[in-house]
Each structure stands twice: as C-alpha cells, then as structure tokens.
>>> print(open('query12.txt').read())   # compact mmCIF, C-alpha atoms and all ligand atoms
# COMPACT_ATOMS: atom_id res chain seq x y z
CA MET L 1 -71.78 62.33 -40.91
CA ILE L 2 -74.19 59.99 -42.67
CA LYS L 3 -73.20 58.48 -46.00
CA ILE L 4 -75.59 56.64 -48.26
CA GLU L 5 -74.64 54.50 -51.23
CA ASP L 6 -76.95 53.45 -54.03
CA VAL L 7 -80.10 53.32 -51.89
CA HIS L 8 -83.15 51.75 -53.56
CA LYS L 9 -86.59 51.54 -51.98
CA ARG L 10 -89.57 49.83 -53.55
CA PHE L 11 -93.22 49.50 -52.59
CA GLY L 12 -94.65 46.58 -54.56
CA GLU L 13 -93.89 47.14 -58.23
CA GLU L 14 -93.08 50.79 -57.77
CA GLU L 15 -89.52 51.89 -57.20
CA ILE L 16 -89.64 55.07 -55.08
CA LEU L 17 -85.91 55.63 -54.49
CA LYS L 18 -83.82 54.74 -57.52
CA GLY L 19 -80.24 54.49 -56.36
CA ILE L 20 -79.37 57.49 -54.22
CA SER L 21 -75.82 58.21 -53.06
CA THR L 22 -74.75 61.23 -51.04
CA VAL L 23 -73.22 62.48 -47.81
CA PHE L 24 -75.06 64.37 -45.07
CA GLU L 25 -72.41 66.50 -43.46
CA LYS L 26 -71.68 66.87 -39.75
CA GLY L 27 -72.26 70.28 -38.18
CA LYS L 28 -74.32 71.39 -41.17
CA THR L 29 -77.96 71.75 -42.13
CA ASN L 30 -78.49 69.30 -45.00
CA LEU L 31 -81.72 70.00 -46.87
CA ILE L 32 -83.67 67.51 -48.97
CA ILE L 33 -85.97 69.32 -51.39
CA GLY L 34 -88.18 68.26 -54.29
CA GLN L 35 -91.73 68.23 -55.50
CA SER L 36 -94.50 66.36 -53.77
CA GLY L 37 -94.09 62.63 -54.29
CA SER L 38 -90.39 62.84 -55.23
CA GLY L 39 -89.44 60.55 -52.33
CA LYS L 40 -88.21 62.96 -49.64
CA SER L 41 -90.14 61.42 -46.74
CA VAL L 42 -89.33 57.89 -47.87
CA MET L 43 -85.65 58.91 -47.91
CA LEU L 44 -85.94 60.30 -44.38
CA LYS L 45 -87.66 57.13 -43.16
CA CYS L 46 -84.89 55.00 -44.70
CA LEU L 47 -82.30 57.13 -42.90
CA ILE L 48 -83.93 56.66 -39.49
CA GLY L 49 -84.43 52.95 -40.05
CA LEU L 50 -88.23 52.97 -40.36
CA PHE L 51 -87.98 51.66 -43.92
CA LYS L 52 -85.42 49.10 -45.04
CA PRO L 53 -83.93 49.73 -48.49
CA GLU L 54 -83.84 46.62 -50.70
CA GLN L 55 -80.45 47.66 -52.00
CA GLY L 56 -77.68 50.02 -50.96
CA LYS L 57 -76.05 51.02 -47.69
CA ILE L 58 -76.63 53.72 -45.08
CA TYR L 59 -73.52 54.49 -43.02
CA TYR L 60 -73.56 56.26 -39.67
CA GLY L 61 -69.89 57.12 -39.34
CA ASP L 62 -68.12 53.96 -40.47
CA GLU L 63 -70.94 51.56 -39.65
CA ALA L 64 -73.70 50.54 -42.03
CA ILE L 65 -77.11 50.45 -40.36
CA GLN L 66 -77.80 47.17 -42.18
CA ASP L 67 -74.81 45.54 -40.46
CA MET L 68 -75.71 46.67 -36.92
CA ASP L 69 -77.21 44.20 -34.48
CA ASP L 70 -80.43 45.07 -32.61
CA GLU L 71 -78.59 46.49 -29.59
CA ARG L 72 -76.43 48.77 -31.75
CA GLN L 73 -79.51 49.93 -33.68
CA ARG L 74 -81.23 50.73 -30.39
CA MET L 75 -78.19 52.75 -29.31
CA LEU L 76 -78.21 54.56 -32.65
CA ARG L 77 -81.87 55.52 -32.15
CA GLU L 78 -80.86 57.19 -28.87
CA GLU L 79 -78.45 59.35 -30.86
CA MET L 80 -81.27 60.63 -33.09
CA GLY L 81 -83.47 63.64 -32.45
CA MET L 82 -86.70 63.91 -34.40
CA LEU L 83 -88.75 66.93 -35.29
CA PHE L 84 -91.77 65.77 -37.21
CA GLN L 85 -94.65 67.56 -38.91
CA GLY L 86 -97.29 68.81 -36.53
CA GLY L 87 -94.77 68.78 -33.67
CA ALA L 88 -96.24 65.54 -32.32
CA LEU L 89 -96.36 66.85 -28.77
CA PHE L 90 -98.54 65.00 -26.28
CA ASP L 91 -101.61 67.08 -25.40
CA SER L 92 -102.08 65.28 -22.11
CA MET L 93 -98.62 66.21 -20.84
CA ASN L 94 -97.39 69.66 -19.90
CA ILE L 95 -94.36 71.17 -21.67
CA GLU L 96 -91.90 69.94 -19.07
CA GLU L 97 -93.20 66.36 -19.29
CA ASN L 98 -93.13 66.51 -23.09
CA VAL L 99 -89.52 67.63 -23.21
CA MET L 100 -88.51 65.13 -20.52
CA PHE L 101 -90.05 62.22 -22.41
CA PRO L 102 -86.91 61.11 -24.34
CA LEU L 103 -84.87 61.21 -21.13
CA ARG L 104 -87.39 58.92 -19.42
CA MET L 105 -87.35 56.61 -22.45
CA PHE L 106 -83.64 56.40 -23.07
CA THR L 107 -81.73 57.29 -19.91
CA LYS L 108 -81.52 56.30 -16.27
CA MET L 109 -81.27 59.92 -15.12
CA LYS L 110 -82.84 60.85 -11.81
CA LYS L 111 -85.66 63.45 -11.78
CA PRO L 112 -83.55 66.48 -10.65
CA GLU L 113 -80.96 65.76 -13.35
CA MET L 114 -83.69 65.40 -15.98
CA LEU L 115 -85.31 68.61 -14.83
CA ALA L 116 -82.03 70.50 -15.02
CA ARG L 117 -81.50 69.28 -18.57
CA VAL L 118 -85.10 70.16 -19.55
CA ASN L 119 -84.67 73.68 -18.16
CA GLU L 120 -81.36 74.03 -20.01
CA VAL L 121 -82.91 73.21 -23.40
CA LEU L 122 -86.05 75.26 -22.75
CA LYS L 123 -83.75 78.19 -22.05
CA ARG L 124 -81.85 77.48 -25.27
CA VAL L 125 -85.04 77.78 -27.31
CA ASN L 126 -86.06 80.94 -25.41
CA LEU L 127 -88.91 79.28 -23.55
CA GLU L 128 -87.89 79.62 -19.95
CA GLY L 129 -90.71 79.27 -17.45
CA VAL L 130 -93.34 77.60 -19.66
CA ASN L 131 -92.81 74.23 -17.92
CA LYS L 132 -96.30 73.82 -16.53
CA LYS L 133 -98.25 75.02 -19.56
CA TYR L 134 -100.06 72.64 -21.90
CA THR L 135 -99.69 72.49 -25.71
CA ALA L 136 -103.10 74.09 -26.28
CA GLU L 137 -102.06 77.14 -24.24
CA ILE L 138 -99.08 78.14 -26.42
CA SER L 139 -98.75 79.36 -30.03
CA GLY L 140 -97.75 77.21 -33.02
CA GLY L 141 -94.28 78.79 -33.11
CA MET L 142 -93.79 78.08 -29.41
CA GLN L 143 -94.94 74.49 -29.93
CA LYS L 144 -92.28 74.12 -32.62
CA ARG L 145 -89.66 75.42 -30.19
CA VAL L 146 -90.84 72.93 -27.56
CA SER L 147 -90.49 70.19 -30.21
CA ILE L 148 -86.95 71.37 -30.93
CA ALA L 149 -86.16 71.34 -27.19
CA ARG L 150 -87.49 67.78 -26.98
CA ALA L 151 -85.51 66.74 -30.07
CA ILE L 152 -82.22 67.95 -28.58
CA VAL L 153 -82.78 67.14 -24.90
CA ASN L 154 -80.84 63.86 -25.11
CA LYS L 155 -77.92 65.49 -26.96
CA PRO L 156 -78.43 63.82 -30.33
CA LYS L 157 -75.68 63.41 -32.89
CA TYR L 158 -78.27 63.44 -35.66
CA LEU L 159 -81.34 65.65 -36.02
CA PHE L 160 -84.12 64.83 -38.49
CA CYS L 161 -86.70 67.48 -39.33
CA ASP L 162 -89.70 66.88 -41.60
CA GLU L 163 -91.14 70.20 -42.87
CA PRO L 164 -90.19 71.95 -39.60
CA ASN L 165 -91.87 75.23 -40.43
CA SER L 166 -95.07 74.06 -42.10
CA GLY L 167 -98.08 76.03 -40.91
CA LEU L 168 -96.04 78.92 -39.54
CA ASP L 169 -96.09 82.53 -40.71
CA PRO L 170 -92.94 83.57 -42.66
CA LYS L 171 -91.31 85.42 -39.76
CA THR L 172 -91.80 82.58 -37.27
CA ALA L 173 -90.71 80.09 -39.95
CA THR L 174 -87.43 81.98 -40.34
CA LEU L 175 -86.93 82.02 -36.55
CA ILE L 176 -87.41 78.25 -36.42
CA ASP L 177 -85.02 77.68 -39.34
CA THR L 178 -82.40 79.89 -37.75
CA LEU L 179 -82.77 78.12 -34.42
CA ILE L 180 -82.28 74.73 -36.08
CA GLN L 181 -79.16 76.00 -37.82
CA GLU L 182 -77.68 77.59 -34.69
CA ILE L 183 -78.23 74.41 -32.69
CA THR L 184 -76.69 72.34 -35.50
CA HIS L 185 -73.53 74.46 -35.35
CA GLU L 186 -73.36 74.75 -31.55
CA TYR L 187 -73.71 71.02 -30.89
CA ASP L 188 -71.99 69.88 -34.11
CA ILE L 189 -75.02 67.81 -35.15
CA THR L 190 -75.64 66.21 -38.54
CA THR L 191 -79.00 67.81 -39.33
CA ILE L 192 -81.30 66.70 -42.14
CA VAL L 193 -84.29 68.83 -43.05
CA VAL L 194 -87.00 67.85 -45.53
CA THR L 195 -88.62 70.96 -46.92
CA HIS L 196 -90.62 72.53 -49.75
CA ASP L 197 -89.76 76.00 -48.62
CA MET L 198 -87.43 78.06 -50.79
CA ASN L 199 -86.99 80.54 -47.94
CA SER L 200 -85.50 77.72 -45.86
CA VAL L 201 -83.20 76.86 -48.75
CA MET L 202 -82.00 80.47 -48.86
CA GLU L 203 -81.68 80.79 -45.09
CA ILE L 204 -80.11 77.53 -43.99
CA GLY L 205 -79.30 75.44 -47.09
CA GLU L 206 -75.67 74.69 -46.35
CA LYS L 207 -76.03 71.53 -48.39
CA VAL L 208 -79.08 71.13 -50.60
CA MET L 209 -80.15 67.93 -52.35
CA LEU L 210 -82.85 67.98 -55.01
CA LEU L 211 -84.85 64.78 -55.51
CA LYS L 212 -86.90 64.18 -58.63
CA ASN L 213 -88.85 60.97 -59.22
CA GLY L 214 -86.72 59.13 -56.68
CA LYS L 215 -83.37 60.26 -58.08
CA LEU L 216 -80.90 62.78 -56.72
CA VAL L 217 -80.67 65.19 -59.64
CA TRP L 218 -78.59 67.99 -58.09
CA GLN L 219 -76.69 68.84 -54.93
CA GLY L 220 -74.82 71.93 -53.83
CA THR L 221 -75.05 74.94 -51.54
CA ASN L 222 -77.77 77.58 -51.36
CA GLN L 223 -75.34 79.97 -53.04
CA GLU L 224 -74.89 77.59 -55.94
CA ILE L 225 -78.58 76.79 -56.38
CA PHE L 226 -79.32 80.27 -57.74
CA LYS L 227 -76.40 80.19 -60.16
CA THR L 228 -76.76 76.77 -61.71
CA ASP L 229 -78.36 76.24 -65.11
CA ASN L 230 -79.36 72.69 -64.21
CA LYS L 231 -82.86 72.38 -65.71
CA ASP L 232 -84.29 70.39 -62.81
CA VAL L 233 -83.12 73.03 -60.34
CA THR L 234 -84.39 75.98 -62.33
CA SER L 235 -87.80 74.40 -62.92
CA PHE L 236 -88.12 73.62 -59.19
CA VAL L 237 -86.81 76.93 -57.88
CA TYR L 238 -88.56 79.14 -60.39
CA SER L 239 -91.90 77.36 -60.14
CA SER L 240 -92.44 79.99 -57.44
CA ASP L 241 -93.65 83.26 -59.00
CA LEU L 242 -91.59 85.34 -56.61
CA PHE L 243 -88.32 83.64 -57.50
CA LYS L 244 -89.18 83.78 -61.21
CA LYS L 245 -89.61 87.57 -60.94
CA ILE L 246 -86.34 87.93 -59.02
CA ARG L 247 -84.53 85.95 -61.70
CA ASP L 248 -86.09 88.04 -64.52
CA VAL L 249 -84.90 91.23 -62.81
CA GLN L 250 -81.40 89.77 -62.37
CA LEU L 251 -81.23 88.74 -66.03
CA LYS L 252 -82.33 92.23 -67.13
CA GLU L 253 -79.69 93.83 -64.88
CA ASN L 254 -77.01 91.52 -66.28
CA LYS L 255 -77.94 92.51 -69.85
CA ALA L 256 -77.97 96.23 -69.06
N1 LIG A 1 -95.71 53.22 -46.89
C1 LIG A 1 -95.84 53.41 -48.21
N2 LIG A 1 -96.40 52.44 -48.99
C2 LIG A 1 -96.53 52.61 -50.32
N3 LIG A 1 -96.15 53.72 -50.99
C3 LIG A 1 -95.61 54.71 -50.27
C4 LIG A 1 -95.43 54.61 -48.86
N4 LIG A 1 -94.84 55.76 -48.41
C5 LIG A 1 -94.68 56.53 -49.51
N5 LIG A 1 -95.14 55.91 -50.62
C6 LIG A 1 -95.11 56.46 -51.98
O1 LIG A 1 -93.82 56.94 -52.26
C7 LIG A 1 -93.88 58.10 -53.10
C8 LIG A 1 -93.03 59.20 -52.50
O2 LIG A 1 -93.65 59.62 -51.29
P1 LIG A 1 -92.97 60.63 -50.27
O3 LIG A 1 -93.91 60.76 -49.11
O4 LIG A 1 -91.58 60.25 -49.99
O5 LIG A 1 -92.99 61.98 -51.12
P2 LIG A 1 -92.50 63.40 -50.66
O6 LIG A 1 -91.47 63.85 -51.65
O7 LIG A 1 -92.12 63.39 -49.23
O8 LIG A 1 -93.85 64.23 -50.88
P3 LIG A 1 -94.52 65.39 -50.01
O9 LIG A 1 -93.67 66.60 -50.24
O10 LIG A 1 -95.88 65.53 -50.58
O11 LIG A 1 -94.54 64.94 -48.57
C9 LIG A 1 -95.35 58.45 -53.24
O12 LIG A 1 -95.79 57.98 -54.49
C10 LIG A 1 -96.01 57.68 -52.11
O13 LIG A 1 -97.32 57.29 -52.45
>>> encode(input="query12.txt", output="structure tokens", more="lines below")
Ligand SMILES: Nc1ncnc2c1ncn2[C@@H]1O[C@H](COP(=O)(O)OP(=O)(O)OP(=O)(O)O)[C@@H](O)[C@H]1O
Amino acid sequence: MIKIEDVHKRFGEEEILKGISTVFEKGKTNLIIGQSGSGKSVMLKCLIGLFKPEQGKIYYGDEAIQDMDDERQRMLREEMGMLFQGGALFDSMNIEENVMFPLRMFTKMKKPEMLARVNEVLKRVNLEGVNKKYTAEISGGMQKRVSIARAIVNKPKYLFCDEPNSGLDPKTATLIDTLIQEITHEYDITTIVVTHDMNSVMEIGEKVMLLKNGKLVWQGTNQEIFKTDNKDVTSFVYSSDLFKKIRDVQLKENKA
C-alpha cells in the first residue's frame, strides 16, 4: 500500500499538484486518469521519487519516503517495477538480456539463477522461447509483454505503468491490461497505472482516481464511475462520443 497526504508539487510559480491525498491499494490496479496536463505524470514521478514534493508525505507502508535515508531509498527502488511509455527496451540487447537487466543491476544472482528467473517471467507473459530475438523483430504488443516481464523479474512490491497500452490496437491493449491486472493479483502488488483510456478504466479500474488541474476531484471503482453524477467525472468520461451514446441509450431505457 502507498498512502499520500497533502502532496504539493510546484515548478517555479506554477503549482502542478495542489494537495493530493489518497491510498493506492495493495493487490489492486489503481488507475490515475485525467485530461492532458492534469498532473498524472508528475504524480507518478513524485511517487517513484523522481520529483520531490515541496509539501506533503508519501508513505510506503508505514515509512515516509521523505524520512528514508539514501540506503533505504535505494532498497525501495529495488522493490519498484516500472513500465514506461514506449517500453524503453534496449535495442542493442536481445530479449533475454533486456529482461535480465534489473537482476544484473540490483541482485548478486549468478547467471543460471538469473536465466531461470527470466525464463519464468517470459513464460508468465506467454513469450517462451523469444530469448534471442531483438526488439525490432517482435510486434509492439510483444514488446509490451517483454517490458512487463522486465518490470516484474525482480519481484516488485510496487508496479508503476505510464500509459501501458498507448499505440496498441484495442484487442492487444485489452490483453496487456488484463495481464497487468492478473499479475497484480497473483503477486499481490500495489499497481499504479496512468491512463487516458476509458477501456482500461472499464477493464481494470479497481480503484480510479480522477485528477483535474492538479487536484483529486473524484475516486471510486469502475462500477461507480458510470453511476456518479459528479460533474468532473461525467465531463471526462462522456467527452468520448462512444460513452456519450451509451449513456444516452441508458437514460432512454431508464425513462421507458
Ligand atoms: N519537469 C517539469 N518542469 C516544469 N513543468 C513541468 C515538468 N513536468 C511537468 N510539468 C508541467 O506539469 C503539468 C502537468 O504535466 P503532466 O505531464 O503531469 O500532465 P499529464 O496529466 O500527465 O498529461 P498527459 O496526459 O498529456 O501526459 C504540465 O503543465 C507540464 O507542463
């Protein structure tokens, strides 16, 4: 679990995060949604320690990141898996070397042990046997699965995903979302996903947080998001034509 209390982040004169408090729950997919520029990525970067909030606290379990010494912060980073936009795989390494990278960085495992772990996670993401291929030789959806394998290879307690299905067709996007959710449940990870995608909200939004202009304006489940009359939620959700049409049909049915 990650708990944040009254987090403020400023760049120069501009306050980007204006006092955000919430809990990211363990064993669940926690989604941060909101329009472009609402502060989602800044929030994510505060959570992983890339940005330091001027005010407020970020607790990992009982410990605030601000109160941890350098060694404890380094240990915390080892507990984090990251799945960033574009996959960020190394073109010059094959798949096996890419997935092994965090183990080389953070552990003292010997090669056979690393290889066994790499094969285990490649199997988990249904990519057995691609070890020696290079990024350019596999599809975008497969690259995402390799990135997921790399993100979980060191058994993280926390998984951070920034727009994990950007650039994928809807079917592959759903597969990636579902994989992230299954892994979250299986390994009891606290997963945080930044997304624009309403399909992801519907599929895996076990806890959904809506940011607007640097404030948390609504939080709830994906079931609740379609029932609430909160104006910020409805204007975000129904800015998509498809969802607007679905809602119009529902309203008509309710009247009939
Ligand atoms: N390093 C930085 N220095 C100055 N301003 C920044 C920095 N990073 C982000 N910002 C500003 O913070 C605001 C929020 O940006 P952020 O990237 O968090 O938005 P977002 O909700 O993730 O948007 P998008 O969905 O387009 O990625 C923007 O106005 C952006 O210009």
>>> residues_around(input="query12.txt", residues="Leu115 of chain L", least_positions_apart="5", cutoff="12 Å", atoms="all atoms listed in the file", output="list in words")
Ile95, Glu96, Glu97, Asn98, Val99, Met100, Phe101, Leu103, Arg104, Met109, Lys110, Glu120, Val121, Leu122, Asn131 and Val153 of chain L
>>> write_last_selection(input="query12.txt", atoms="C-alpha atoms", output="mmCIF file, in the coordinates of the input")
data_model
loop_
_atom_site.group_PDB
_atom_site.id
_atom_site.type_symbol
_atom_site.label_atom_id
_atom_site.label_comp_id
_atom_site.auth_asym_id
_atom_site.auth_seq_id
_atom_site.Cartn_x
_atom_site.Cartn_y
_atom_site.Cartn_z
ATOM 1 C CA ILE L 95 -94.360 71.170 -21.670
ATOM 2 C CA GLU L 96 -91.900 69.940 -19.070
ATOM 3 C CA GLU L 97 -93.200 66.360 -19.290
ATOM 4 C CA ASN L 98 -93.130 66.510 -23.090
ATOM 5 C CA VAL L 99 -89.520 67.630 -23.210
ATOM 6 C CA MET L 100 -88.510 65.130 -20.520
ATOM 7 C CA PHE L 101 -90.050 62.220 -22.410
ATOM 8 C CA LEU L 103 -84.870 61.210 -21.130
ATOM 9 C CA ARG L 104 -87.390 58.920 -19.420
ATOM 10 C CA MET L 109 -81.270 59.920 -15.120
ATOM 11 C CA LYS L 110 -82.840 60.850 -11.810
ATOM 12 C CA GLU L 120 -81.360 74.030 -20.010
ATOM 13 C CA VAL L 121 -82.910 73.210 -23.400
ATOM 14 C CA LEU L 122 -86.050 75.260 -22.750
ATOM 15 C CA ASN L 131 -92.810 74.230 -17.920
ATOM 16 C CA VAL L 153 -82.780 67.140 -24.900
#
>>> atom_distance(input="query12.txt", atom1="atom O13 of ligand LIG 1 (chain A)", atom2="atom CA of Met80 of chain L")
25.4 Å
>>> closest_residue(input="query12.txt", among="L:Val42, L:Met114, L:Ile32, L:Ala88", to="ligand LIG 1 (chain A)", atoms="all atoms listed in the file")
L:Val42
>>> closest_residue(input="query12.txt", among="L:Gln143, L:Gln55, L:Thr22, L:Thr190", to="Leu216 of chain L", atoms="all atoms listed in the file")
L:Thr22
>>> closest_residue(input="query12.txt", among="L:Leu210, L:Leu168, L:Ala173, L:Ile65", to="ligand LIG 1 (chain A)", atoms="all atoms listed in the file")
L:Leu210
>>> residues_near_ligand(input="query12.txt", ligand="ligand LIG 1 (chain A)", cutoff="6 Å", atoms="only C-alpha atoms and all ligand atoms", output="number ranges by chain")
L: 11, 16, 35-42
>>> closest_residue(input="query12.txt", among="L:Thr178, L:Thr191, L:Asn30, L:Gln66", to="Met82 of chain L", atoms="only C-alpha atoms")
L:Thr191
>>> closest_residue(input="query12.txt", among="L:Phe84, L:Asn119, L:His8, L:Asp169", to="Ser139 of chain L", atoms="only C-alpha atoms")
L:Asp169
>>> atom_distance(input="query12.txt", atom1="atom CA of Asp6 of chain L", atom2="atom CA of Phe51 of chain L")
15.1 Å
>>> residues_around(input="query12.txt", residues="segment 123-129 of chain L", least_positions_apart="5", cutoff="8 Å", atoms="only C-alpha atoms", output="JSON, numbers by chain")
{"L": [142, 145, 146, 148, 149, 179]}
>>> residues_near_point(input="query12.txt", point="(-94.8, 74.8, -40.1)", cutoff="12 Å", atoms="only C-alpha atoms", output="PyMOL selection string")
chain L and resi 83-87+139-145+147+161-177+194-197+200
>>> closest_residue(input="query12.txt", among="L:Glu78, L:Glu13, L:Glu5, L:Glu253", to="Pro53 of chain L", atoms="all atoms listed in the file")
L:Glu5
>>> residues_near_point(input="query12.txt", point="(-73.6, 62.0, -47.1)", cutoff="9 Å", atoms="only C-alpha atoms", output="number ranges by chain")
L: 1-5, 21-25, 59
>>> write_last_selection(input="query12.txt", atoms="C-alpha atoms", output="short mmCIF file (atom, residue, chain, number, x, y, z; two decimals), in the frame of the given file")
data_model
loop_
_atom_site.label_atom_id
_atom_site.label_comp_id
_atom_site.auth_asym_id
_atom_site.auth_seq_id
_atom_site.Cartn_x
_atom_site.Cartn_y
_atom_site.Cartn_z
CA MET L 1 -71.78 62.33 -40.91
CA ILE L 2 -74.19 59.99 -42.67
CA LYS L 3 -73.20 58.48 -46.00
CA ILE L 4 -75.59 56.64 -48.26
CA GLU L 5 -74.64 54.50 -51.23
CA SER L 21 -75.82 58.21 -53.06
CA THR L 22 -74.75 61.23 -51.04
CA VAL L 23 -73.22 62.48 -47.81
CA PHE L 24 -75.06 64.37 -45.07
CA GLU L 25 -72.41 66.50 -43.46
CA TYR L 59 -73.52 54.49 -43.02
#
>>> residues_around(input="query12.txt", residues="Gly81 of chain L", least_positions_apart="2", cutoff="6 Å", atoms="only C-alpha atoms", output="list in words")
Ala151, Ile152, Pro156 and Leu159 of chain L
>>> atom_distance(input="query12.txt", atom1="atom CA of Ser235 of chain L", atom2="atom CA of Lys207 of chain L")
18.9 Å
>>> residues_around(input="query12.txt", residues="Met202 of chain L", least_positions_apart="2", cutoff="10 Å", atoms="only C-alpha atoms", output="ChimeraX atom specification")
/L:197-200,204-206,208,221-223,225-226
